[in-house]
Each structure stands twice: as structure tokens, then as C-alpha cells.
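Q: Next comes query.txt, compact mmCIF, C-alpha atoms and all ligand atoms:
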```txt
# COMPACT_ATOMS: atom_id res chain seq x y z
CA MET F 1352 -20.33 -5.89 15.03
CA PRO F 1353 -18.92 -2.52 13.96
CA PHE F 1354 -15.42 -1.53 15.04
CA ASP F 1355 -15.47 1.22 17.65
CA LEU F 1356 -13.21 3.47 15.60
CA GLU F 1357 -13.21 6.41 18.00
CA THR F 1358 -11.93 4.25 20.85
CA LEU F 1359 -9.46 2.47 18.59
CA LYS F 1360 -8.19 5.79 17.26
CA ALA F 1361 -7.39 6.96 20.77
CA GLY F 1362 -5.09 3.94 21.19
CA TRP F 1363 -3.58 4.39 17.74
CA ARG F 1364 -2.79 8.05 18.47
CA GLN F 1365 -1.08 6.99 21.68
CA ARG F 1366 1.07 4.49 19.81
CA ILE F 1367 2.26 7.18 17.40
CA ARG F 1368 3.02 9.53 20.29
CA ALA F 1369 4.85 6.81 22.20
CA VAL F 1370 7.16 6.04 19.26
CA ALA F 1371 7.79 9.76 18.75
CA ALA F 1372 8.58 10.14 22.46
CA SER F 1373 11.23 7.44 22.11
CA GLY F 1374 13.02 9.72 19.66
CA ARG F 1375 12.20 7.84 16.47
CA LEU F 1376 10.11 8.87 13.50
CA PRO F 1377 6.84 6.91 13.89
CA ILE F 1378 5.78 4.85 10.89
CA LEU F 1379 2.21 4.13 9.90
CA ASP F 1380 2.49 1.24 7.44
CA ILE F 1381 -0.53 1.55 5.17
CA GLU F 1382 -0.07 -1.65 3.23
CA SER F 1383 0.74 -5.04 4.72
CA SER F 1384 -1.07 -8.34 4.89
CA PHE F 1385 -0.89 -11.43 7.05
CA PRO F 1386 -1.71 -15.05 6.31
CA ALA F 1387 -4.97 -15.89 8.05
CA GLY F 1388 -4.37 -18.76 10.47
CA ARG F 1389 -0.57 -18.61 10.22
CA PHE F 1390 0.39 -15.44 12.01
CA ASP F 1391 2.25 -14.91 15.27
CA PRO F 1392 1.07 -11.59 16.76
CA ALA F 1393 3.40 -11.86 19.76
CA ARG F 1394 6.49 -11.97 17.59
CA TYR F 1395 5.23 -9.38 15.11
CA SER F 1396 4.31 -6.85 17.78
CA GLN F 1397 7.76 -7.17 19.29
CA ASP F 1398 9.34 -6.52 15.88
CA MET F 1399 7.11 -3.47 15.39
CA ASP F 1400 8.21 -2.02 18.72
CA GLU F 1401 11.88 -2.65 17.97
CA GLN F 1402 11.57 -0.94 14.60
CA GLY F 1403 9.42 2.03 15.65
CA VAL F 1404 6.54 0.91 13.47
CA ALA F 1405 3.65 2.53 15.31
CA LEU F 1406 0.76 1.12 13.30
CA THR F 1407 0.14 -1.43 10.59
CA VAL F 1408 -2.84 -1.43 8.27
CA PHE F 1409 -3.37 -5.18 7.94
CA SER F 1410 -5.47 -7.10 5.48
CA ALA F 1411 -6.01 -10.84 5.80
CA GLN F 1412 -4.70 -13.11 3.07
CA ALA F 1413 -7.37 -15.77 2.97
CA GLN F 1414 -7.81 -18.30 0.21
CA GLY F 1415 -11.55 -18.61 0.33
CA LYS F 1416 -14.42 -16.74 1.90
CA TRP F 1417 -14.29 -13.76 4.19
CA SER F 1418 -11.99 -14.40 7.15
CA GLU F 1419 -12.66 -13.28 10.72
CA SER F 1420 -8.93 -13.21 11.42
CA THR F 1421 -8.58 -9.42 11.11
CA ARG F 1422 -11.29 -8.92 13.72
CA ARG F 1423 -9.57 -11.44 16.01
CA LEU F 1424 -6.26 -9.68 15.56
CA ILE F 1425 -7.74 -6.32 16.56
CA ALA F 1426 -9.36 -8.01 19.57
CA ILE F 1427 -5.97 -9.41 20.64
CA ASP F 1428 -4.05 -6.18 20.13
CA PRO F 1429 -6.24 -3.16 19.42
CA SER F 1430 -3.48 -0.56 19.68
CA ARG F 1431 -1.20 -1.73 16.85
CA TYR F 1432 -3.35 -2.82 13.93
CA ILE F 1433 -5.75 -0.92 11.68
CA PRO F 1434 -8.18 -3.29 9.95
CA ALA F 1435 -8.38 -3.32 6.16
CA GLY F 1436 -10.82 -5.32 4.09
CA GLN F 1437 -9.68 -8.66 2.73
CA ALA F 1438 -6.62 -8.62 0.44
CA GLY F 1439 -7.46 -8.98 -3.25
CA GLU F 1440 -5.17 -11.85 -4.11
CA GLN F 1441 -5.12 -15.62 -4.26
CA ALA F 1442 -8.12 -17.83 -4.89
CA ALA F 1443 -10.97 -15.68 -3.64
CA TRP F 1444 -9.96 -12.72 -5.80
CA LEU F 1445 -8.83 -14.66 -8.87
CA ASP F 1446 -11.66 -17.20 -9.06
CA THR F 1447 -14.69 -15.34 -7.71
CA PRO F 1448 -13.82 -11.62 -7.70
CA GLN F 1449 -17.41 -10.38 -7.85
CA ALA F 1450 -18.38 -12.41 -4.77
CA MET F 1451 -15.21 -11.33 -3.01
CA LEU F 1452 -15.97 -7.65 -3.67
CA GLU F 1453 -19.56 -8.18 -2.56
CA ASP F 1454 -18.21 -9.57 0.74
CA ASN F 1455 -15.81 -6.66 1.14
CA GLU F 1456 -18.51 -4.11 0.51
CA THR F 1457 -21.01 -5.72 2.89
CA ARG F 1458 -18.48 -6.19 5.67
CA LEU F 1459 -17.03 -2.71 5.35
CA LEU F 1460 -20.47 -1.16 5.54
CA GLN F 1461 -21.34 -3.28 8.59
CA GLU F 1462 -18.05 -3.14 10.45
CA GLY F 1463 -16.32 0.06 9.31
CA HIS F 1464 -12.81 -0.98 8.22
CA PRO F 1465 -11.33 2.36 7.09
CA ILE F 1466 -9.63 1.00 3.94
CA MET F 1467 -9.70 -1.85 1.39
CA GLY F 1468 -6.93 -3.76 -0.28
CA GLU F 1469 -4.39 -4.37 -1.60
CA PHE F 1470 -6.05 -5.61 -4.78
CA GLU F 1471 -3.79 -7.21 -7.36
CA ILE F 1472 -4.89 -5.78 -10.69
CA ARG F 1473 -1.73 -6.30 -12.69
CA HIS F 1474 0.88 -8.22 -10.75
CA TYR F 1475 3.96 -9.98 -12.05
CA PRO F 1476 5.41 -12.69 -9.83
CA SER F 1477 7.42 -11.11 -7.00
CA PRO F 1478 11.24 -11.32 -6.98
CA ARG F 1479 11.04 -14.05 -4.34
CA GLU F 1480 8.51 -15.99 -6.38
CA LEU F 1481 10.73 -15.70 -9.46
CA ARG F 1482 13.64 -17.11 -7.47
CA ARG F 1483 11.42 -20.01 -6.45
CA SER F 1484 10.49 -20.19 -10.18
CA GLY F 1485 6.85 -19.74 -9.24
CA GLN F 1486 5.12 -18.20 -12.23
CA ASP F 1487 1.69 -18.77 -10.72
CA ARG F 1488 1.13 -15.25 -9.47
CA ASP F 1489 0.89 -13.47 -12.81
CA VAL F 1490 -2.33 -11.55 -12.33
CA ASP F 1491 -4.01 -9.53 -15.06
CA VAL F 1492 -7.41 -8.03 -14.28
CA PRO F 1493 -8.36 -5.21 -16.69
CA ILE F 1494 -8.86 -2.17 -14.45
CA ASP F 1495 -11.59 -0.79 -16.70
CA GLY F 1496 -13.36 -4.14 -17.11
CA ALA F 1497 -16.37 -5.42 -15.16
CA VAL F 1498 -14.33 -6.39 -12.08
CA GLY F 1499 -12.46 -3.09 -12.08
CA HIS F 1500 -15.72 -1.14 -12.19
CA ARG F 1501 -17.16 -3.29 -9.40
CA LEU F 1502 -14.11 -2.46 -7.26
CA PHE F 1503 -14.44 1.28 -7.84
CA GLN F 1504 -18.16 1.05 -7.12
CA ALA F 1505 -17.50 -0.77 -3.84
CA ALA F 1506 -15.16 2.05 -2.88
CA ARG F 1507 -17.73 4.65 -3.87
CA LYS F 1508 -20.49 2.93 -1.90
CA THR F 1509 -18.39 2.44 1.24
CA GLY F 1510 -16.59 5.77 0.96
CA ARG F 1511 -13.31 3.96 1.64
CA PRO F 1512 -9.99 4.34 -0.16
CA PHE F 1513 -8.42 1.23 -1.63
CA GLU F 1514 -4.96 0.03 -2.61
CA ILE F 1515 -4.04 -1.43 -5.97
CA HIS F 1516 -1.03 -3.33 -7.15
CA TYR F 1517 -0.70 -2.21 -10.75
CA GLU F 1518 2.59 -2.74 -12.56
CA ILE F 1519 3.99 0.28 -14.33
CA GLU F 1520 3.66 -0.39 -18.02
CA ASP F 1521 2.81 1.96 -20.91
CA ALA F 1522 -0.32 0.08 -21.98
CA LEU F 1523 -1.78 0.17 -18.45
CA LEU F 1524 -1.49 3.91 -17.82
CA ASP F 1525 -4.40 5.24 -19.86
CA PRO F 1526 -6.97 2.73 -18.53
CA LEU F 1527 -6.14 3.75 -14.94
CA GLU F 1528 -6.37 7.41 -15.82
CA GLY F 1529 -9.75 6.78 -17.42
CA MET F 1530 -11.00 5.25 -14.16
CA LEU F 1531 -9.64 8.13 -12.05
CA ARG F 1532 -11.53 10.49 -14.32
CA GLN F 1533 -14.75 8.45 -14.14
CA TYR F 1534 -14.63 8.07 -10.35
CA PRO F 1535 -13.35 11.43 -9.06
CA ASP F 1536 -14.89 10.74 -5.64
CA VAL F 1537 -13.03 7.44 -5.15
CA LYS F 1538 -9.61 7.52 -3.47
CA VAL F 1539 -7.05 5.18 -4.99
CA ILE F 1540 -3.66 4.31 -3.53
CA TRP F 1541 -1.36 3.11 -6.27
CA CYS F 1542 1.13 0.97 -4.37
CA HIS F 1543 4.90 0.81 -4.93
CA VAL F 1544 5.63 4.22 -6.43
CA ALA F 1545 8.32 4.14 -9.14
CA GLN F 1546 8.72 0.37 -8.95
CA ILE F 1547 9.24 -0.46 -12.62
CA ARG F 1548 9.90 -4.14 -13.22
CA PHE F 1549 10.83 -3.81 -16.91
CA GLN F 1550 12.03 -0.40 -18.10
CA ALA F 1551 11.46 -1.34 -21.76
CA LYS F 1552 7.72 -1.62 -21.07
CA ALA F 1553 7.53 1.72 -19.23
CA THR F 1554 8.76 4.58 -21.38
CA ARG F 1555 6.39 7.31 -20.13
CA TYR F 1556 6.43 6.94 -16.37
CA ASN F 1557 8.72 9.28 -14.43
CA ALA F 1558 8.45 11.94 -11.74
CA ALA F 1559 7.02 14.45 -14.24
CA TYR F 1560 4.33 11.97 -15.26
CA VAL F 1561 3.40 11.28 -11.61
CA ARG F 1562 3.35 15.03 -10.97
CA ARG F 1563 0.86 15.49 -13.79
CA LEU F 1564 -1.36 12.72 -12.37
CA ILE F 1565 -1.22 14.18 -8.87
CA GLU F 1566 -1.99 17.66 -10.11
CA THR F 1567 -4.85 16.40 -12.31
CA TYR F 1568 -6.49 13.82 -10.02
CA PRO F 1569 -6.97 14.85 -6.38
CA ASN F 1570 -8.19 11.31 -5.64
CA LEU F 1571 -4.85 9.60 -6.36
CA TYR F 1572 -2.26 8.58 -3.73
CA PHE F 1573 0.97 6.58 -3.86
CA ASP F 1574 2.47 4.24 -1.34
CA THR F 1575 6.19 3.91 -0.80
CA ALA F 1576 6.77 0.15 -0.53
CA PHE F 1577 9.66 -0.71 -2.82
CA GLY F 1578 13.02 -2.44 -2.61
CA GLY F 1579 16.33 -0.90 -1.67
CA PRO F 1580 18.75 0.64 -4.18
CA ASP F 1581 20.37 -2.72 -4.88
CA SER F 1582 17.18 -4.74 -5.23
CA THR F 1583 16.86 -6.27 -8.71
CA TYR F 1584 14.10 -7.91 -10.72
CA GLY F 1585 13.86 -10.31 -13.62
CA PRO F 1586 16.36 -12.15 -15.79
CA ARG F 1587 18.27 -8.98 -16.69
CA GLY F 1588 18.64 -7.96 -13.07
CA GLU F 1589 17.05 -4.53 -13.47
CA TYR F 1590 17.17 -2.23 -10.46
CA HIS F 1591 13.40 -1.94 -10.21
CA ALA F 1592 13.07 0.58 -7.35
CA ARG F 1593 13.75 3.53 -9.62
CA ILE F 1594 13.35 6.31 -7.09
CA TRP F 1595 16.85 5.90 -5.65
CA ASP F 1596 19.83 7.91 -6.84
CA ARG F 1597 22.29 5.06 -7.13
CA GLU F 1598 25.14 7.33 -8.12
CA HIS F 1599 24.97 9.99 -5.41
CA GLY F 1600 22.97 8.22 -2.69
CA GLY F 1601 19.52 9.20 -1.45
CA ILE F 1602 16.71 9.64 -3.92
CA GLN F 1603 16.64 11.39 -7.28
CA ALA F 1604 16.19 15.16 -7.14
CA GLU F 1605 13.02 15.25 -9.25
CA TRP F 1606 11.29 12.73 -6.96
CA ALA F 1607 12.43 14.61 -3.86
CA GLN F 1608 11.03 17.82 -5.34
CA LEU F 1609 7.72 16.16 -6.24
CA ILE F 1610 7.26 14.72 -2.75
CA ARG F 1611 8.22 18.04 -1.19
CA ASP F 1612 5.54 19.74 -3.31
CA HIS F 1613 2.85 17.09 -2.62
CA PRO F 1614 3.75 15.24 0.59
CA TRP F 1615 0.11 14.49 1.50
CA ARG F 1616 -0.20 12.25 -1.55
CA PHE F 1617 2.55 9.83 -0.49
CA VAL F 1618 1.98 7.30 2.27
CA ALA F 1619 4.57 5.09 3.96
CA ALA F 1620 4.22 1.36 3.40
CA LEU F 1621 6.14 -1.81 4.16
CA ASP F 1622 4.26 -4.44 2.15
CA ILE F 1623 4.89 -7.23 4.63
CA GLY F 1624 3.10 -10.42 3.63
CA GLY F 1625 2.93 -14.20 3.71
CA ASP F 1626 6.51 -15.17 2.79
CA ARG F 1627 8.22 -12.31 4.65
CA MET F 1628 6.44 -11.93 7.98
CA ASP F 1629 9.78 -12.32 9.75
CA ARG F 1630 11.60 -9.63 7.79
CA LEU F 1631 10.11 -6.50 9.28
CA SER F 1632 13.48 -5.14 10.41
CA GLU F 1633 14.99 -5.43 6.92
CA TRP F 1634 11.95 -3.90 5.20
CA THR F 1635 11.74 -1.09 7.76
CA ALA F 1636 15.42 -0.27 7.26
CA THR F 1637 14.74 0.30 3.55
CA LEU F 1638 11.70 2.46 4.29
CA ARG F 1639 13.64 4.53 6.83
CA ARG F 1640 16.45 4.97 4.33
CA PHE F 1641 13.89 6.46 1.94
CA LEU F 1642 12.26 8.63 4.64
CA ASP F 1643 15.68 9.92 5.71
CA ALA F 1644 16.36 10.94 2.10
CA LEU F 1645 13.22 13.09 1.92
CA PRO F 1646 13.24 16.84 2.40
CA PRO F 1647 12.85 17.24 6.21
CA GLU F 1648 9.53 19.09 5.93
CA ALA F 1649 7.96 16.12 4.10
CA ARG F 1650 9.29 13.36 6.35
CA GLU F 1651 6.69 13.26 9.11
CA ILE F 1652 3.86 13.78 6.66
CA VAL F 1653 4.87 10.79 4.54
CA ALA F 1654 5.76 8.62 7.57
CA TYR F 1655 2.30 8.80 9.18
CA LYS F 1656 0.41 12.09 8.90
CA ALA F 1657 -0.70 11.69 5.30
CA ALA F 1658 -2.02 8.19 6.00
CA TRP F 1659 -3.86 9.37 9.10
CA LYS F 1660 -5.55 12.08 7.10
CA LEU F 1661 -6.40 9.73 4.25
CA LEU F 1662 -7.83 7.08 6.58
CA PHE F 1663 -9.75 9.28 8.99
CA ASN F 1664 -10.22 12.54 7.11
CA GLU F 1665 -8.66 14.53 9.95
CA ASP F 1666 -5.24 15.93 10.81
CA PHE F 1667 -3.15 14.00 13.28
ZN ZN Y 1701 1.80 -4.94 -4.13
```
Output the file's structure in the form of C-alpha cells.
A:
Amino acid sequence: MPFDLETLKAGWRQRIRAVAASGRLPILDIESSFPAGRFDPARYSQDMDEQGVALTVFSAQAQGKWSESTRRLIAIDPSRYIPAGQAGEQAAWLDTPQAMLEDNETRLLQEGHPIMGEFEIRHYPSPRELRRSGQDRDVDVPIDGAVGHRLFQAARKTGRPFEIHYEIEDALLDPLEGMLRQYPDVKVIWCHVAQIRFQAKATRYNAAYVRRLIETYPNLYFDTAFGGPDSTYGPRGEYHARIWDREHGGIQAEWAQLIRDHPWRFVAALDIGGDRMDRLSEWTATLRRFLDALPPEAREIVAYKAAWKLLFNEDF
């Protein structure tokens, strides 16, 4: 059954207005996922309210076939959650990606989820997985290979934007750019802006590089899920969230200028997921720290207006 998006949108608008009326900057989190079958909506909704998170775009983390859990979640609480297609991670994505994309495309066309993802294209193990010494989540799907093309085609056919996890690494930049050029009608959200795990592997990526991409490819967006200024990654303890100005506080001037010039291309995100469902307050504090550091005229746009426009092709 298709989602009744017009009715849902009325409730979602109200949520944003209610948070704003409480005096806080409303957040529309464009990129989080929940473990199908192991999620406590009562607790999560309470955390959202406490943190002023108006809306969460949720995708189901399911090991196998398409899960109905997103639909059930919307049925339980239609005002808080925006349904995304199934998350591209774990068994279904790694073992049978073509079938998984087929499912996503079919379901999106039937039911009308406004977005797909996040798809793990190149994904190192997360900091928490490294600490648990889990090396299992080292994903490498060539973005310009058969699966990558199938993903872009699913987005083209459904007309929906999608999110990718794509580590920042010199060798990966040109293949992505090639796909943006080949699919100018497909909207891509590159998650975790400026999150560089290993600086030695990323010599070209900086605010000027991202500016060039934004000014060349109108179909490219960035989400802002990254760690705090003191968050580190890997054996050398690199500060991987490179947007922060660790010396003076806030964010670096060239990033602030870029976001001020192109605020509609940056969307707020929390990246809540399976092993951190109970850490919404911590993650939101980091996101708010970033939003507070933005030029004031960009703040509301990045917090929720850019996402609203991207999802529904209309101004909030
Ligand atoms: Zn990610």
C-alpha cells in the first residue's frame, strides 16, 4: 500500500513547528537506521523530543529480504519518522546486491518512500567496530561497477535521492565524479562530509575541492554526520572529523564560507544505528555544536529546510 505522503507531511510539518515553538532549532535527521526487530520506539521518541529532533529519516537494517518494519514504525508513530528504503549494508547488500536493489526499486515505486539508503559503497570498520576489533565491515563496492550502475539506475527510475557511505580517499574521487557526470538527473547525498579516516590517503579533498564539486554537479549533496572535534580513528588516533577548527573552536573558516555560499547542499544528519540507538543525546549534542558554529543565515537551512526541499521538492 502506498504511503499517504500528503497526510504524513502535514504531521511532519507540525512536528517541525512544535520544536521551533519550544525555542529550539528543529533538526531533520536525514540519515539514521534502526535494527529491524530490535527497536524500542517508545524510548527513541522520548529521546527525540528531549533533544529537539523533529524528524528522523529511518531505514531498516535487515539482514535478509525486504523488511516490513519501516512500514510498521510509521504506523505506530506517523509524525516522527520519514521512511527510507532498506539500508544498503549487511548480508542483503553484500551477498545479493542486485536482488536487494530490485526490492528497493519495486517497493519505492509501489509505496513511495521519498529516499533510499544509506548504501555502503566504501566503508571501513567504524571506530566502535575497530575497538571491538571487528574487521568484518570493510566494504568495497566499486561505484562505477555493475552494482553501482544498478543503484544509480534505481534512483533514476524511482526519482528518489539516495545516500552513500563512501570513504574519502584519492583513488575513489574520480569514479564518483564520473558517475555524477553520467547521471546528472540522479541526486546523491554523500554522507559524512569531511570525515577523512586516513589523511595520507586523501591528499586532494578539502573545502575547495567540495566547492568545485558542488559548483559543477547540481545533483550532489552532503550530510553532516561526523564525530566531535576530539573523535579519533585508527591506530594513529587521527582526528577524522576534519571540519572542526580544533585550535580556535567552531569550524574552519573555509568550510563555514562554503556552507554559507551553498547551504541548500548540506543536510543535517545523526547517523544513529544498531550499536548506538541509545546515544541520541550525545550524537545530537555534536550536531548542534556544528549547527551553532555555522553562519546564522545557513543554520535553519542546514538543520531542516534543505532536507525538506530535497525530499519533497518544495520549500518548507
Ligand atoms: Zn555512513
Q: Counting only C-alpha atoms, which of F:Phe1409, F:Phe1617, F:Phe1663, F:Phe1513 gets nearest to Pro1434 in chain F?
A: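 Once distances to Pro1434 in chain F are computed over only C-alpha atoms, the minimum belongs to F:Phe1409.
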Q: Quick one: everything within 6 Å of Pro1512 in chain F, counting only C-alpha atoms, minus sequence neighbours fewer than 3 positions away in the same chain. Send it as a list in words.
A: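 Returned residues: Ile1466, Lys1538 and Val1539 of chain F.
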Q: Determine, using all atoms listed in the file, which residues of range 1567-1640 of chain F have any atom at most 10 Å from an atom of range 1371-1391 of chain F, and tabulate each with its shortest atom pair and distance in Å to one decimal place, rows ordered by chain and then rising number, as a tab-separated table.
A:
```
residue	atom	partner	partner_atom	distance
F:Asp1574	CA	F:Ile1381	CA	7.7
F:Thr1575	CA	F:Glu1382	CA	9.3
F:Ala1576	CA	F:Glu1382	CA	8.0
F:Val1618	CA	F:Ile1381	CA	6.9
F:Ala1619	CA	F:Asp1380	CA	5.6
F:Ala1620	CA	F:Asp1380	CA	4.4
F:Leu1621	CA	F:Asp1380	CA	5.8
F:Asp1622	CA	F:Ser1383	CA	4.4
F:Ile1623	CA	F:Ser1383	CA	4.7
F:Gly1624	CA	F:Ser1384	CA	4.8
F:Gly1625	CA	F:Pro1386	CA	5.4
F:Asp1626	CA	F:Pro1386	CA	8.9
F:Arg1627	CA	F:Phe1385	CA	9.5
F:Met1628	CA	F:Phe1385	CA	7.4
F:Asp1629	CA	F:Asp1391	CA	9.7
F:Thr1635	CA	F:Ile1378	CA	9.0
F:Leu1638	CA	F:Ile1378	CA	9.2
F:Arg1639	CA	F:Leu1376	CA	8.7
```
Q: What does the distance between CA of Gln1608 in chain F and CA of Leu1661 in chain F come to in Å, to one decimal place?
A: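 Computing it gives 21.5 Å between the two atoms.
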Q: If you measure from CA of Asp1643 in chain F to CA of Arg1562 in chain F, what distance in Å do you get, rounded to one decimal?
A: 21.4 Å
Q: Compute the set of protein, DNA and RNA residues whose minimum atom distance to ligand ZN 1701 (chain Y) is at most 12 Å, using only C-alpha atoms and all ligand atoms, and state it as a PDB file with C-alpha atoms, keeping the file's coordinate frame.
A:
```pdb
ATOM      1  CA  ILE F1381      -0.530   1.550   5.170  1.00  0.00           C
ATOM      2  CA  GLU F1382      -0.070  -1.650   3.230  1.00  0.00           C
ATOM      3  CA  SER F1383       0.740  -5.040   4.720  1.00  0.00           C
ATOM      4  CA  SER F1384      -1.070  -8.340   4.890  1.00  0.00           C
ATOM      5  CA  ALA F1438      -6.620  -8.620   0.440  1.00  0.00           C
ATOM      6  CA  GLY F1439      -7.460  -8.980  -3.250  1.00  0.00           C
ATOM      7  CA  GLU F1440      -5.170 -11.850  -4.110  1.00  0.00           C
ATOM      8  CA  GLY F1468      -6.930  -3.760  -0.280  1.00  0.00           C
ATOM      9  CA  GLU F1469      -4.390  -4.370  -1.600  1.00  0.00           C
ATOM     10  CA  PHE F1470      -6.050  -5.610  -4.780  1.00  0.00           C
ATOM     11  CA  GLU F1471      -3.790  -7.210  -7.360  1.00  0.00           C
ATOM     12  CA  ILE F1472      -4.890  -5.780 -10.690  1.00  0.00           C
ATOM     13  CA  ARG F1473      -1.730  -6.300 -12.690  1.00  0.00           C
ATOM     14  CA  HIS F1474       0.880  -8.220 -10.750  1.00  0.00           C
ATOM     15  CA  TYR F1475       3.960  -9.980 -12.050  1.00  0.00           C
ATOM     16  CA  PRO F1476       5.410 -12.690  -9.830  1.00  0.00           C
ATOM     17  CA  SER F1477       7.420 -11.110  -7.000  1.00  0.00           C
ATOM     18  CA  PRO F1478      11.240 -11.320  -6.980  1.00  0.00           C
ATOM     19  CA  ARG F1488       1.130 -15.250  -9.470  1.00  0.00           C
ATOM     20  CA  VAL F1490      -2.330 -11.550 -12.330  1.00  0.00           C
ATOM     21  CA  GLU F1514      -4.960   0.030  -2.610  1.00  0.00           C
ATOM     22  CA  ILE F1515      -4.040  -1.430  -5.970  1.00  0.00           C
ATOM     23  CA  HIS F1516      -1.030  -3.330  -7.150  1.00  0.00           C
ATOM     24  CA  TYR F1517      -0.700  -2.210 -10.750  1.00  0.00           C
ATOM     25  CA  GLU F1518       2.590  -2.740 -12.560  1.00  0.00           C
ATOM     26  CA  ILE F1519       3.990   0.280 -14.330  1.00  0.00           C
ATOM     27  CA  ILE F1540      -3.660   4.310  -3.530  1.00  0.00           C
ATOM     28  CA  TRP F1541      -1.360   3.110  -6.270  1.00  0.00           C
ATOM     29  CA  CYS F1542       1.130   0.970  -4.370  1.00  0.00           C
ATOM     30  CA  HIS F1543       4.900   0.810  -4.930  1.00  0.00           C
ATOM     31  CA  VAL F1544       5.630   4.220  -6.430  1.00  0.00           C
ATOM     32  CA  GLN F1546       8.720   0.370  -8.950  1.00  0.00           C
ATOM     33  CA  PHE F1573       0.970   6.580  -3.860  1.00  0.00           C
ATOM     34  CA  ASP F1574       2.470   4.240  -1.340  1.00  0.00           C
ATOM     35  CA  THR F1575       6.190   3.910  -0.800  1.00  0.00           C
ATOM     36  CA  ALA F1576       6.770   0.150  -0.530  1.00  0.00           C
ATOM     37  CA  PHE F1577       9.660  -0.710  -2.820  1.00  0.00           C
ATOM     38  CA  GLY F1578      13.020  -2.440  -2.610  1.00  0.00           C
ATOM     39  CA  ALA F1620       4.220   1.360   3.400  1.00  0.00           C
ATOM     40  CA  LEU F1621       6.140  -1.810   4.160  1.00  0.00           C
ATOM     41  CA  ASP F1622       4.260  -4.440   2.150  1.00  0.00           C
ATOM     42  CA  ILE F1623       4.890  -7.230   4.630  1.00  0.00           C
ATOM     43  CA  GLY F1624       3.100 -10.420   3.630  1.00  0.00           C
TER      44      GLY F1624
END
```
Q: What is the distance between CA of Gly1436 in chain F and CA of His1464 in chain F, in Å to one decimal?
A: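 Going from CA of Gly1436 in chain F over to CA of His1464 in chain F, I get 6.3 Å.
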Q: When you get a chance, write out all heavy atoms for range 1642-1648 of chain F, as a tab-separated table (two decimals), in the coordinates of the input.
A:
```
chain	number	residue	atom	x	y	z
F	1642	LEU	N	12.79	7.48	3.87
F	1642	LEU	CA	12.26	8.63	4.64
F	1642	LEU	C	13.38	9.60	5.00
F	1642	LEU	O	13.20	10.82	4.93
F	1642	LEU	CB	11.54	8.13	5.90
F	1642	LEU	CG	10.22	7.36	5.65
F	1642	LEU	CD1	9.75	6.69	6.96
F	1642	LEU	CD2	9.13	8.26	5.09
F	1643	ASP	N	14.53	9.06	5.36
F	1643	ASP	CA	15.68	9.92	5.71
F	1643	ASP	C	16.14	10.75	4.51
F	1643	ASP	O	16.72	11.82	4.68
F	1643	ASP	CB	16.86	9.06	6.20
F	1643	ASP	CG	16.62	8.50	7.59
F	1643	ASP	OD1	15.69	8.96	8.27
F	1643	ASP	OD2	17.37	7.58	7.99
F	1644	ALA	N	15.91	10.23	3.30
F	1644	ALA	CA	16.36	10.94	2.10
F	1644	ALA	C	15.39	12.03	1.67
F	1644	ALA	O	15.67	12.80	0.75
F	1644	ALA	CB	16.56	9.93	0.95
F	1645	LEU	N	14.22	12.09	2.32
F	1645	LEU	CA	13.22	13.09	1.92
F	1645	LEU	C	13.59	14.46	2.46
F	1645	LEU	O	14.28	14.57	3.48
F	1645	LEU	CB	11.86	12.71	2.50
F	1645	LEU	CG	11.15	11.50	1.90
F	1645	LEU	CD1	9.82	11.27	2.62
F	1645	LEU	CD2	10.92	11.70	0.40
F	1646	PRO	N	13.10	15.51	1.80
F	1646	PRO	CA	13.24	16.84	2.40
F	1646	PRO	C	12.62	16.80	3.80
F	1646	PRO	O	11.54	16.22	3.98
F	1646	PRO	CB	12.41	17.74	1.47
F	1646	PRO	CG	12.30	16.98	0.19
F	1646	PRO	CD	12.37	15.53	0.53
F	1647	PRO	N	13.30	17.38	4.82
F	1647	PRO	CA	12.85	17.24	6.21
F	1647	PRO	C	11.38	17.63	6.41
F	1647	PRO	O	10.68	16.99	7.20
F	1647	PRO	CB	13.76	18.18	6.98
F	1647	PRO	CG	14.92	18.45	6.09
F	1647	PRO	CD	14.52	18.16	4.68
F	1648	GLU	N	10.90	18.64	5.69
F	1648	GLU	CA	9.53	19.09	5.93
F	1648	GLU	C	8.49	18.08	5.45
F	1648	GLU	O	7.32	18.13	5.84
F	1648	GLU	CB	9.28	20.48	5.30
F	1648	GLU	CG	9.43	20.54	3.79
F	1648	GLU	CD	10.86	20.86	3.32
F	1648	GLU	OE1	11.83	20.45	4.02
F	1648	GLU	OE2	11.00	21.50	2.26
```
